[in-house]
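Next comes entry-v1.tsv, a file with TSV, C-alpha atoms and all ligand atoms.
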chain	number	residue	atom	x	y	z
A	1	MET	CA	-127.02	-18.47	175.07
A	2	GLN	CA	-123.85	-16.66	175.94
A	3	ASN	CA	-123.58	-15.89	172.27
A	4	THR	CA	-127.02	-14.28	172.15
A	5	PHE	CA	-125.86	-11.97	174.88
A	6	GLY	CA	-122.75	-11.29	172.84
A	7	LYS	CA	-124.84	-10.45	169.81
A	8	LYS	CA	-127.00	-8.07	171.80
A	9	MET	CA	-123.93	-6.37	173.21
A	10	ILE	CA	-122.36	-5.97	169.79
A	11	ALA	CA	-125.63	-4.80	168.27
A	12	ALA	CA	-125.96	-2.22	171.03
A	13	LEU	CA	-122.40	-1.07	170.43
A	14	SER	CA	-122.49	-0.83	166.70
A	15	GLY	CA	-126.04	0.10	165.85
A	16	ALA	CA	-128.82	-1.61	163.95
A	17	GLY	CA	-128.23	-3.65	160.85
A	18	VAL	CA	-125.04	-5.30	161.99
A	19	TRP	CA	-126.82	-8.53	162.77
A	20	ALA	CA	-128.75	-8.58	159.54
A	21	LEU	CA	-127.01	-11.92	159.09
A	22	SER	CA	-128.82	-13.46	162.03
A	23	THR	CA	-131.45	-15.03	159.86
A	24	ALA	CA	-132.09	-18.75	159.88
A	25	GLN	CA	-130.13	-19.26	156.69
A	26	ALA	CA	-126.43	-18.64	156.87
A	27	GLN	CA	-126.14	-16.73	153.66
A	28	ILE	CA	-123.89	-13.83	153.08
A	29	THR	CA	-125.81	-10.55	153.30
A	30	PRO	CA	-124.57	-7.53	151.36
A	31	GLY	CA	-123.34	-4.92	153.84
A	32	GLY	CA	-123.32	-7.38	156.74
A	33	VAL	CA	-120.56	-6.87	159.27
A	34	GLY	CA	-120.89	-9.52	161.97
A	35	MET	CA	-120.10	-13.20	161.89
A	36	GLN	CA	-122.38	-15.54	160.01
A	37	PRO	CA	-124.74	-17.20	162.51
A	38	ALA	CA	-123.15	-20.17	164.23
A	39	ASN	CA	-124.55	-23.57	163.36
A	40	SER	CA	-122.66	-25.72	165.84
A	41	ALA	CA	-121.94	-25.60	169.54
A	42	LEU	CA	-118.26	-25.18	168.81
A	43	ALA	CA	-118.91	-22.28	166.43
A	44	GLU	CA	-120.93	-20.60	169.17
A	45	GLU	CA	-117.98	-20.90	171.50
A	46	VAL	CA	-115.69	-19.47	168.84
A	47	HIS	CA	-118.07	-16.54	168.31
A	48	PHE	CA	-118.30	-15.94	172.05
A	49	PHE	CA	-114.51	-15.90	172.21
A	50	HIS	CA	-114.34	-13.37	169.39
A	51	ASN	CA	-117.25	-11.16	170.43
A	52	MET	CA	-116.85	-11.18	174.19
A	53	ILE	CA	-113.12	-11.63	174.76
A	54	LEU	CA	-111.12	-10.50	171.72
A	55	MET	CA	-113.26	-7.55	170.61
A	56	PRO	CA	-113.54	-5.86	174.04
A	57	ILE	CA	-109.81	-6.29	174.72
A	58	ILE	CA	-108.84	-4.94	171.29
A	59	THR	CA	-111.28	-2.05	171.60
A	60	VAL	CA	-109.98	-1.02	175.04
A	61	ILE	CA	-106.36	-1.21	173.83
A	62	CYS	CA	-107.08	0.87	170.71
A	63	VAL	CA	-108.95	3.54	172.66
A	64	LEU	CA	-106.26	3.68	175.37
A	65	VAL	CA	-103.46	4.06	172.82
A	66	LEU	CA	-105.40	6.72	170.94
A	67	VAL	CA	-106.06	8.71	174.14
A	68	LEU	CA	-102.39	8.47	175.17
A	69	LEU	CA	-101.28	9.64	171.74
A	70	LEU	CA	-103.63	12.62	171.76
A	71	TRP	CA	-102.57	13.49	175.32
A	72	ILE	CA	-98.89	13.47	174.32
A	73	VAL	CA	-99.53	15.43	171.12
A	74	PHE	CA	-101.49	18.21	172.83
A	75	ARG	CA	-99.97	18.34	176.29
A	76	TYR	CA	-96.29	17.85	175.43
A	77	ASN	CA	-95.78	19.68	172.15
A	78	SER	CA	-93.10	22.38	172.02
A	79	LYS	CA	-95.59	25.23	172.50
A	80	THR	CA	-97.35	24.01	175.63
A	81	ASN	CA	-94.24	22.35	177.04
A	82	PRO	CA	-91.21	24.42	175.95
A	83	VAL	CA	-88.79	22.95	178.52
A	84	PRO	CA	-88.89	19.13	178.36
A	85	ARG	CA	-87.95	16.90	181.29
A	86	LYS	CA	-84.77	14.88	180.64
A	87	PHE	CA	-85.32	11.57	182.52
A	88	SER	CA	-85.08	8.38	180.46
A	89	HIS	CA	-86.12	5.56	182.86
A	90	ASN	CA	-89.01	4.74	185.13
A	91	THR	CA	-88.88	1.28	186.66
A	92	LEU	CA	-92.51	1.19	187.76
A	93	ILE	CA	-93.85	2.07	184.33
A	94	GLU	CA	-91.60	-0.51	182.66
A	95	ILE	CA	-92.87	-3.23	184.97
A	96	VAL	CA	-96.45	-2.18	184.25
A	97	TRP	CA	-96.09	-2.13	180.49
A	98	THR	CA	-94.43	-5.53	180.50
A	99	GLY	CA	-96.67	-7.15	183.09
A	100	VAL	CA	-100.06	-5.96	181.84
A	101	PRO	CA	-99.54	-7.21	178.24
A	102	ILE	CA	-98.45	-10.58	179.63
A	103	LEU	CA	-101.70	-10.81	181.57
A	104	ILE	CA	-103.69	-9.76	178.50
A	105	LEU	CA	-101.96	-12.38	176.34
A	106	LEU	CA	-102.66	-15.04	178.95
A	107	ALA	CA	-106.33	-14.04	179.06
A	108	ILE	CA	-106.46	-14.47	175.27
A	109	ALA	CA	-104.29	-17.56	175.03
A	110	LEU	CA	-105.90	-19.83	177.62
A	111	PRO	CA	-109.44	-19.91	176.17
A	112	SER	CA	-108.03	-20.04	172.63
A	113	PHE	CA	-105.93	-23.13	173.44
A	114	GLU	CA	-109.08	-24.85	174.64
A	115	LEU	CA	-110.92	-23.98	171.41
A	116	LEU	CA	-107.99	-25.06	169.24
A	117	TYR	CA	-107.90	-28.38	171.05
A	118	LYS	CA	-111.62	-28.94	170.58
A	119	GLU	CA	-111.37	-28.16	166.87
A	120	ASP	CA	-108.30	-30.27	166.39
A	121	VAL	CA	-109.23	-33.45	168.21
A	122	THR	CA	-112.09	-35.28	166.60
A	123	PRO	CA	-114.16	-36.90	169.33
A	124	ASP	CA	-113.36	-40.57	168.97
A	125	GLY	CA	-116.14	-43.07	168.92
A	126	LYS	CA	-118.59	-44.74	166.64
A	127	GLN	CA	-122.16	-45.68	166.24
A	128	ALA	CA	-123.56	-49.11	165.53
A	129	VAL	CA	-127.13	-49.34	164.30
A	130	THR	CA	-128.98	-52.63	164.52
A	131	ARG	CA	-132.60	-53.49	163.88
A	132	GLY	CA	-134.43	-55.41	166.59
A	133	ASP	CA	-136.27	-58.58	165.60
A	134	GLY	CA	-138.38	-58.81	168.74
A	135	GLN	CA	-136.41	-61.77	170.12
A	136	THR	CA	-132.72	-60.89	170.22
A	137	ALA	CA	-131.70	-59.29	173.49
A	138	ASP	CA	-127.91	-59.31	173.12
A	139	PHE	CA	-126.19	-56.84	170.82
A	140	VAL	CA	-122.48	-56.73	170.14
A	141	PHE	CA	-120.51	-53.51	169.88
A	142	LEU	CA	-117.02	-53.84	168.39
A	143	ASN	CA	-114.61	-52.24	170.83
A	144	ASP	CA	-111.72	-52.10	168.37
A	145	PHE	CA	-110.42	-48.70	169.36
A	146	THR	CA	-106.79	-48.10	170.19
A	147	ASP	CA	-105.99	-48.95	173.79
A	148	SER	CA	-106.28	-45.41	175.09
A	149	ARG	CA	-109.71	-44.94	173.54
A	150	MET	CA	-111.35	-48.25	174.39
A	151	VAL	CA	-114.77	-48.47	175.97
A	152	ARG	CA	-113.96	-49.45	179.52
A	153	ARG	CA	-116.81	-48.16	181.63
A	154	PRO	CA	-120.59	-48.27	181.20
A	155	GLY	CA	-120.51	-44.47	180.81
A	156	HIS	CA	-118.49	-44.87	177.60
A	157	LEU	CA	-121.51	-46.41	175.91
A	158	GLN	CA	-124.82	-44.82	175.05
A	159	VAL	CA	-127.74	-47.03	174.10
A	160	ILE	CA	-130.75	-45.62	172.27
A	161	VAL	CA	-133.88	-47.27	170.92
A	162	ASP	CA	-135.58	-45.55	168.01
A	163	ASN	CA	-139.09	-46.70	167.12
A	164	GLY	CA	-139.31	-44.45	164.09
A	165	ASN	CA	-141.08	-41.65	165.94
A	166	GLU	CA	-138.86	-40.97	168.89
A	167	GLN	CA	-135.50	-41.88	170.31
A	168	ARG	CA	-135.30	-43.13	173.86
A	169	LEU	CA	-132.03	-43.07	175.76
A	170	LEU	CA	-131.84	-46.21	177.90
A	171	LYS	CA	-130.38	-46.46	181.36
A	172	HIS	CA	-127.60	-48.81	182.27
A	173	ARG	CA	-128.72	-51.51	184.74
A	174	ALA	CA	-132.36	-50.40	184.60
A	175	ASP	CA	-132.74	-51.31	180.91
A	176	TYR	CA	-129.62	-53.21	179.91
A	177	LYS	CA	-126.41	-54.74	181.20
A	178	ILE	CA	-122.95	-54.67	179.70
A	179	SER	CA	-120.29	-57.36	179.58
A	180	GLY	CA	-116.87	-57.41	177.95
A	181	LEU	CA	-115.83	-53.87	178.87
A	182	GLY	CA	-112.24	-53.27	177.85
A	183	GLU	CA	-112.32	-56.26	175.49
A	184	GLU	CA	-112.66	-56.60	171.72
A	185	GLU	CA	-116.39	-57.16	171.83
A	186	VAL	CA	-118.75	-55.47	174.26
A	187	VAL	CA	-122.13	-57.16	174.63
A	188	VAL	CA	-125.15	-55.04	175.51
A	189	SER	CA	-127.86	-57.30	176.99
A	190	PHE	CA	-131.35	-55.86	177.08
A	191	ASP	CA	-133.67	-56.93	179.89
A	192	ALA	CA	-136.49	-57.04	177.36
A	193	PRO	CA	-135.67	-57.53	173.66
A	194	PRO	CA	-136.36	-54.41	171.60
A	195	ALA	CA	-139.49	-54.68	169.47
A	196	ALA	CA	-139.17	-55.95	165.91
A	197	GLY	CA	-138.27	-53.11	163.58
A	198	ASP	CA	-137.01	-50.76	166.29
A	199	SER	CA	-133.54	-49.42	165.66
A	200	VAL	CA	-131.00	-50.11	168.35
A	201	ILE	CA	-128.34	-47.44	168.31
A	202	ILE	CA	-125.20	-48.06	170.31
A	203	ARG	CA	-122.72	-45.23	170.53
A	204	GLY	CA	-119.35	-45.74	172.06
A	205	GLY	CA	-116.08	-44.03	172.48
A	206	ARG	CA	-114.09	-41.95	174.88
A	207	SER	CA	-115.56	-38.58	174.07
A	208	SER	CA	-118.19	-38.78	176.78
A	209	ASP	CA	-118.74	-35.52	178.62
A	210	GLN	CA	-119.25	-35.17	182.34
A	211	TYR	CA	-122.86	-36.28	181.95
A	212	GLY	CA	-121.86	-39.48	180.20
A	213	ASN	CA	-123.25	-38.34	176.84
A	214	ILE	CA	-121.42	-39.62	173.81
A	215	ASN	CA	-123.20	-37.36	171.44
A	216	LEU	CA	-120.04	-36.29	169.68
A	217	ALA	CA	-118.83	-39.56	168.22
A	218	PRO	CA	-118.63	-39.07	164.45
A	219	THR	CA	-121.11	-41.10	162.44
A	220	MET	CA	-119.36	-40.59	159.13
A	221	THR	CA	-116.23	-39.31	157.44
A	222	LEU	CA	-116.20	-36.79	154.64
A	223	LYS	CA	-113.09	-36.89	152.48
A	224	VAL	CA	-112.26	-33.51	150.96
A	225	ASN	CA	-109.75	-33.16	148.14
A	226	GLY	CA	-108.89	-29.71	146.83
A	227	TYR	CA	-107.65	-29.03	143.34
A	228	GLN	CA	-107.15	-26.07	141.05
A	229	TRP	CA	-109.99	-25.01	141.09
A	230	GLY	CA	-112.66	-27.01	142.83
A	231	TRP	CA	-113.21	-29.78	145.33
A	232	THR	CA	-113.94	-33.46	145.22
A	233	TYR	CA	-115.89	-35.07	148.04
A	234	SER	CA	-116.13	-38.73	148.87
A	235	TYR	CA	-118.05	-40.75	151.42
A	236	PRO	CA	-116.00	-43.78	152.50
A	237	ASP	CA	-118.68	-45.02	154.90
A	238	PHE	CA	-121.27	-45.27	152.15
A	239	GLY	CA	-119.41	-46.97	149.32
A	240	ASP	CA	-116.72	-44.36	148.73
A	241	PHE	CA	-118.61	-42.70	145.91
A	242	GLU	CA	-116.96	-39.49	144.86
A	243	TYR	CA	-118.01	-36.40	142.97
A	244	SER	CA	-116.53	-33.04	142.19
A	245	SER	CA	-117.98	-29.70	143.12
A	246	ASN	CA	-117.49	-26.58	141.07
A	247	MET	CA	-118.66	-23.01	141.27
A	248	LEU	CA	-121.81	-22.17	139.34
A	249	PRO	CA	-121.30	-19.56	136.59
A	250	GLU	CA	-122.82	-16.15	137.15
A	251	ASP	CA	-125.83	-16.72	134.90
A	252	GLN	CA	-126.86	-19.89	136.75
A	253	THR	CA	-127.22	-18.41	140.22
A	254	THR	CA	-128.29	-15.24	142.03
A	255	PRO	CA	-126.06	-12.18	142.53
A	256	GLU	CA	-125.94	-12.92	146.28
A	257	LEU	CA	-124.82	-16.50	145.78
A	258	TYR	CA	-122.49	-15.99	142.84
A	259	ARG	CA	-119.05	-17.33	143.85
A	260	LEU	CA	-120.66	-19.27	146.70
A	261	GLU	CA	-123.08	-21.66	145.01
A	262	VAL	CA	-121.81	-24.86	143.44
A	263	ASP	CA	-123.14	-27.53	141.11
A	264	ASN	CA	-122.81	-30.39	143.63
A	265	ARG	CA	-123.05	-29.59	147.32
A	266	ILE	CA	-121.75	-31.56	150.26
A	267	VAL	CA	-124.71	-33.26	151.96
A	268	VAL	CA	-124.53	-34.22	155.64
A	269	PRO	CA	-127.07	-35.30	158.27
A	270	VAL	CA	-128.08	-32.79	160.94
A	271	GLY	CA	-127.08	-33.32	164.56
A	272	GLU	CA	-124.34	-35.84	163.85
A	273	ALA	CA	-120.63	-35.33	164.21
A	274	ILE	CA	-118.91	-35.41	160.82
A	275	ARG	CA	-115.23	-36.23	160.61
A	276	VAL	CA	-113.62	-34.19	157.82
A	277	THR	CA	-110.31	-35.19	156.29
A	278	THR	CA	-108.65	-32.86	153.84
A	279	THR	CA	-105.91	-33.23	151.28
A	280	ALA	CA	-105.10	-31.68	147.91
A	281	ARG	CA	-104.01	-32.78	144.47
A	282	ASP	CA	-101.78	-29.94	143.37
A	283	VAL	CA	-101.12	-27.00	145.69
A	284	ILE	CA	-102.23	-26.08	149.21
A	285	HIS	CA	-105.90	-25.15	149.56
A	286	ALA	CA	-107.94	-24.63	152.72
A	287	PHE	CA	-111.38	-25.92	153.55
A	288	ALA	CA	-113.33	-23.31	155.51
A	289	VAL	CA	-117.00	-23.03	156.49
A	290	PRO	CA	-117.65	-20.10	158.84
A	291	ALA	CA	-121.03	-21.34	160.15
A	292	PHE	CA	-119.24	-24.35	161.67
A	293	ALA	CA	-116.12	-22.32	162.54
A	294	ILE	CA	-113.89	-24.75	160.72
A	295	LYS	CA	-110.90	-23.84	158.59
A	296	ILE	CA	-108.23	-26.38	157.81
A	297	ASP	CA	-105.49	-26.57	155.20
A	298	ALA	CA	-105.71	-29.14	152.42
A	299	VAL	CA	-102.09	-30.05	151.74
A	300	PRO	CA	-100.84	-32.31	148.92
A	301	GLY	CA	-99.32	-35.51	150.29
A	302	ARG	CA	-100.78	-35.30	153.75
A	303	ILE	CA	-104.12	-35.63	155.46
A	304	ASN	CA	-105.50	-33.10	157.90
A	305	GLU	CA	-108.50	-33.74	160.04
A	306	THR	CA	-111.20	-31.70	161.70
A	307	TRP	CA	-114.87	-32.18	162.50
A	308	PHE	CA	-118.19	-30.40	162.91
A	309	LYS	CA	-121.69	-31.11	164.09
A	310	ALA	CA	-124.43	-29.00	162.51
A	311	ASP	CA	-127.30	-28.07	164.79
A	312	ARG	CA	-129.76	-26.94	162.11
A	313	GLU	CA	-130.72	-27.90	158.59
A	314	GLY	CA	-130.01	-25.51	155.75
A	315	VAL	CA	-127.33	-24.57	153.27
A	316	TYR	CA	-124.07	-23.13	154.54
A	317	TYR	CA	-121.34	-21.62	152.43
A	318	GLY	CA	-117.59	-21.41	152.65
A	319	GLN	CA	-114.64	-20.76	150.40
A	320	CYS	CA	-111.13	-21.94	149.77
A	321	SER	CA	-109.09	-19.95	152.26
A	322	GLU	CA	-105.53	-20.45	151.09
A	323	ILE	CA	-104.48	-18.42	148.09
A	324	CYS	CA	-103.90	-21.20	145.60
A	325	GLY	CA	-103.67	-19.60	142.20
A	326	ILE	CA	-105.47	-17.44	139.69
A	327	ARG	CA	-108.93	-18.91	140.31
A	328	HIS	CA	-108.56	-19.21	144.08
A	329	SER	CA	-111.62	-17.09	144.68
A	330	PHE	CA	-113.71	-19.31	142.40
A	331	MET	CA	-113.69	-22.51	144.44
A	332	PRO	CA	-116.53	-22.11	146.94
A	333	ILE	CA	-117.86	-24.73	149.34
A	334	ALA	CA	-121.55	-25.40	149.90
A	335	VAL	CA	-122.78	-27.69	152.66
A	336	GLU	CA	-126.37	-28.85	152.71
A	337	VAL	CA	-127.47	-30.06	156.13
A	338	VAL	CA	-130.48	-32.35	155.92
A	339	SER	CA	-132.46	-34.77	158.08
A	340	ARG	CA	-131.26	-38.36	158.49
A	341	PRO	CA	-133.91	-39.84	156.15
A	342	ALA	CA	-133.19	-37.22	153.49
A	343	PHE	CA	-129.49	-37.92	153.85
A	344	GLU	CA	-130.00	-41.65	153.42
A	345	ALA	CA	-132.14	-41.08	150.33
A	346	TRP	CA	-129.42	-38.83	148.94
A	347	VAL	CA	-126.75	-41.44	149.67
A	348	ASP	CA	-128.73	-44.05	147.78
A	349	SER	CA	-129.16	-41.68	144.83
A	350	GLN	CA	-125.40	-41.08	144.74
A	351	ARG	CA	-124.76	-44.80	145.01
A	352	ALA	CA	-127.07	-45.36	142.06
A	353	LEU	CA	-125.05	-42.82	140.05
A	354	ALA	CA	-121.88	-44.72	140.99
A	355	GLY	CA	-123.45	-48.03	139.94
A	356	LEU	CA	-123.84	-49.29	143.52
A	357	SER	CA	-126.92	-50.91	144.97
A	358	PRO	CA	-128.99	-48.93	147.51
A	359	MET	CA	-127.58	-49.11	151.02
A	360	PHE	CA	-130.47	-48.16	153.20
A	361	GLU	CA	-133.14	-50.36	151.67
A	362	THR	CA	-131.00	-53.40	152.36
A	363	GLU	CA	-129.83	-52.11	155.70
A	364	THR	CA	-132.64	-53.76	157.65
A	365	ILE	CA	-131.70	-57.21	156.45
A	366	LYS	CA	-127.99	-56.66	156.64
A	367	LEU	CA	-128.13	-55.28	160.15
A	368	ALA	CA	-130.43	-58.00	161.46
A	369	ASP	CA	-127.38	-59.97	162.55
A	370	ALA	CA	-126.51	-58.29	165.76
A	371	GLY	CA	-123.62	-55.89	165.97
A	372	ALA	CA	-123.32	-54.89	162.35
A	373	ASN	CA	-121.45	-51.67	162.43
A	374	ALA	CA	-122.98	-48.86	160.46
A	375	GLN	CA	-120.49	-46.28	161.44
B	401	CU	CU	-107.83	-23.26	146.62
Starting from the file, lay out its structure as structure tokens.
Ligand SMILES: [Cu+2]
Amino acid sequence: MQNTFGKKMIAALSGAGVWALSTAQAQITPGGVGMQPANSALAEEVHFFHNMILMPIITVICVLVLVLLLWIVFRYNSKTNPVPRKFSHNTLIEIVWTGVPILILLAIALPSFELLYKEDVTPDGKQAVTRGDGQTADFVFLNDFTDSRMVRRPGHLQVIVDNGNEQRLLKHRADYKISGLGEEEVVVSFDAPPAAGDSVIIRGGRSSDQYGNINLAPTMTLKVNGYQWGWTYSYPDFGDFEYSSNMLPEDQTTPELYRLEVDNRIVVPVGEAIRVTTTARDVIHAFAVPAFAIKIDAVPGRINETWFKADREGVYYGQCSEICGIRHSFMPIAVEVVSRPAFEAWVDSQRALAGLSPMFETETIKLADAGANAQ
């Protein structure tokens, strides 16, 4: 919402056409100037920071310096000011021009530290999905986090029942009780057993916000490996199948999407936090997708981590953002955000390609024993 205001302000300042990018699909528009539309809450915060804090400050500083320059040039040139004053110090002005920049830097630094922290620290937590059989009332959630991240209070758990049409967030005490907090296994006991076939979703972790929501716990990890010149992606939570992704040649795509579109896109479910780990095979690359405001180096021999949660379905493009060699500008990134069922169907199709059996057809049976962890 703040960002919409920001967009309006910027549009008012810079004239029509600037926000031509603000269409539903985050595709690059020729002649566009503004940011690609944000597709995550964090990206909206980043855009707000840029549009409403950085841009106004930079604009005011540029205008002020320009005005001062012009004033000096016209008022104090040798014609209009033939006899110059000879003083060399002014304590007040030196305090002002040291103090004001410090305040400006603080105003920039404090909100940016908060954003950097949010981007850097993946909300810890996990999600266990179990199918009700109509009789079982007790469901086990493995609390095997490190000590500092363990589920210790009822507010660290979120319990949802999904009947296929809608998800219902249950209330602690009114709908279920919890035992084993702070121990290896937390047992969620329903007052009435969930109906047969209903999905029981238990989310836990220490990323709960002030309202007790644990909506940020990642439900999957995407492993990104950069190489000269493309990316491989693997899905360790779904059988660790892996595929490589390369730019489509010019004659296989549109002029707008040339150098952005790839043969095999990343596919992720909408509305779920995705943990992204990056590394590289040869030289340093960087994994960047503007719509999610993520950009992180992929360094050989080490693993970096970031995360994103897409709010809307669609295809979102990024590029390698670390100059990595002659074909650096030919290793784009394409992320396809789809619904949960479409994602599961895609996972099974990839598993079939890798010679693995389908995961989500068998899930019902496998998860029938309480507490199976589908993180
Ligand atoms: Cu690269």
Which residues form the shell of 8 Å around ligand CU 401 (chain B) when you count only C-alpha atoms and all ligand atoms, given as an mmCIF file with C-alpha atoms, in the frame of the given file?
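File produced: part-v1.cif:
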data_model
loop_
_atom_site.group_PDB
_atom_site.id
_atom_site.type_symbol
_atom_site.label_atom_id
_atom_site.label_comp_id
_atom_site.auth_asym_id
_atom_site.auth_seq_id
_atom_site.Cartn_x
_atom_site.Cartn_y
_atom_site.Cartn_z
ATOM 1 C CA GLY A 226 -108.890 -29.710 146.830
ATOM 2 C CA TYR A 227 -107.650 -29.030 143.340
ATOM 3 C CA GLN A 228 -107.150 -26.070 141.050
ATOM 4 C CA TRP A 229 -109.990 -25.010 141.090
ATOM 5 C CA GLY A 230 -112.660 -27.010 142.830
ATOM 6 C CA VAL A 283 -101.120 -27.000 145.690
ATOM 7 C CA ILE A 284 -102.230 -26.080 149.210
ATOM 8 C CA HIS A 285 -105.900 -25.150 149.560
ATOM 9 C CA ALA A 286 -107.940 -24.630 152.720
ATOM 10 C CA CYS A 320 -111.130 -21.940 149.770
ATOM 11 C CA SER A 321 -109.090 -19.950 152.260
ATOM 12 C CA GLU A 322 -105.530 -20.450 151.090
ATOM 13 C CA ILE A 323 -104.480 -18.420 148.090
ATOM 14 C CA CYS A 324 -103.900 -21.200 145.600
ATOM 15 C CA GLY A 325 -103.670 -19.600 142.200
ATOM 16 C CA ARG A 327 -108.930 -18.910 140.310
ATOM 17 C CA HIS A 328 -108.560 -19.210 144.080
ATOM 18 C CA SER A 329 -111.620 -17.090 144.680
ATOM 19 C CA MET A 331 -113.690 -22.510 144.440
#
Legend entry - Distance query A:Thr306 at most 9 Å, only C-alpha atoms, self and fewer than 6 positions along chain excluded, as a list in words: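 After dropping sequence-adjacent residues, the list is Glu119, Asp120, Val121, Thr122, Ile274, Arg275, Val276, Thr277, Thr278, Ile294, Lys295 and Ile296 of chain A.
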Write out the residues from the selection above, keeping C-alpha atoms, as a PDB file, in the coordinates of the input.
ATOM      1  CA  GLU A 119    -111.370 -28.160 166.870  1.00  0.00           C
ATOM      2  CA  ASP A 120    -108.300 -30.270 166.390  1.00  0.00           C
ATOM      3  CA  VAL A 121    -109.230 -33.450 168.210  1.00  0.00           C
ATOM      4  CA  THR A 122    -112.090 -35.280 166.600  1.00  0.00           C
ATOM      5  CA  ILE A 274    -118.910 -35.410 160.820  1.00  0.00           C
ATOM      6  CA  ARG A 275    -115.230 -36.230 160.610  1.00  0.00           C
ATOM      7  CA  VAL A 276    -113.620 -34.190 157.820  1.00  0.00           C
ATOM      8  CA  THR A 277    -110.310 -35.190 156.290  1.00  0.00           C
ATOM      9  CA  THR A 278    -108.650 -32.860 153.840  1.00  0.00           C
ATOM     10  CA  ILE A 294    -113.890 -24.750 160.720  1.00  0.00           C
ATOM     11  CA  LYS A 295    -110.900 -23.840 158.590  1.00  0.00           C
ATOM     12  CA  ILE A 296    -108.230 -26.380 157.810  1.00  0.00           C
TER      13      ILE A 296
END
Legend entry - Best match for closeness to A:Ala273 among A:Gly34, A:Pro111, A:Pro218, A:Gly197, counting all atoms listed in the file: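 Of the candidates, the smallest distance to A:Ala273 is held by A:Pro218.
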Legend entry - Proximity to A:Phe238 - best of A:Arg131, A:Lys223, A:Lys171, A:Arg351, all atoms listed in the file: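 Of A:Arg131, A:Lys223, A:Lys171, A:Arg351, the one nearest A:Phe238, counting all atoms listed in the file, is A:Arg351.
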Inset, instruction - Show which residues sit within 8 Å of A:Leu181, as a ChimeraX atom specification. Count all atoms listed in the file, and ignore same-chain residues fewer than 4 positions away. - result: /A:151-154,185-186
Legend entry - Between atom CA of A:Lys86 and atom CA of A:Phe74 - distance in Å to one decimal: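 Result for atom CA of A:Phe74 versus atom CA of A:Lys86: 18.8 Å, one decimal.
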Inset, instruction - May I ask for the distance between atom CA of A:Leu356 and atom CA of A:Gly239, given in Å to one decimal place? - result: 7.7 Å
Inset, instruction - Go ahead and compute the interatomic distance for atom CA of A:Gly155 and atom CA of A:Gly204, in Å to one decimal. - result: 8.9 Å
Inset, instruction - Rank nothing, just name the residue among A:Ala291, A:Ile95, A:Ala354, A:Ala342 nearest to A:Tyr317, using all atoms listed in the file. - result: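 Ranking A:Ala291, A:Ile95, A:Ala354, A:Ala342 by distance to A:Tyr317, first place goes to A:Ala291.
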Legend entry - Polymer residues at most 9 Å from A:Pro269, all atoms listed in the file, same-chain spacing of 4 or more positions, as an MDAnalysis selection string: chainID A and resid 273:274 309:310 313 336:344
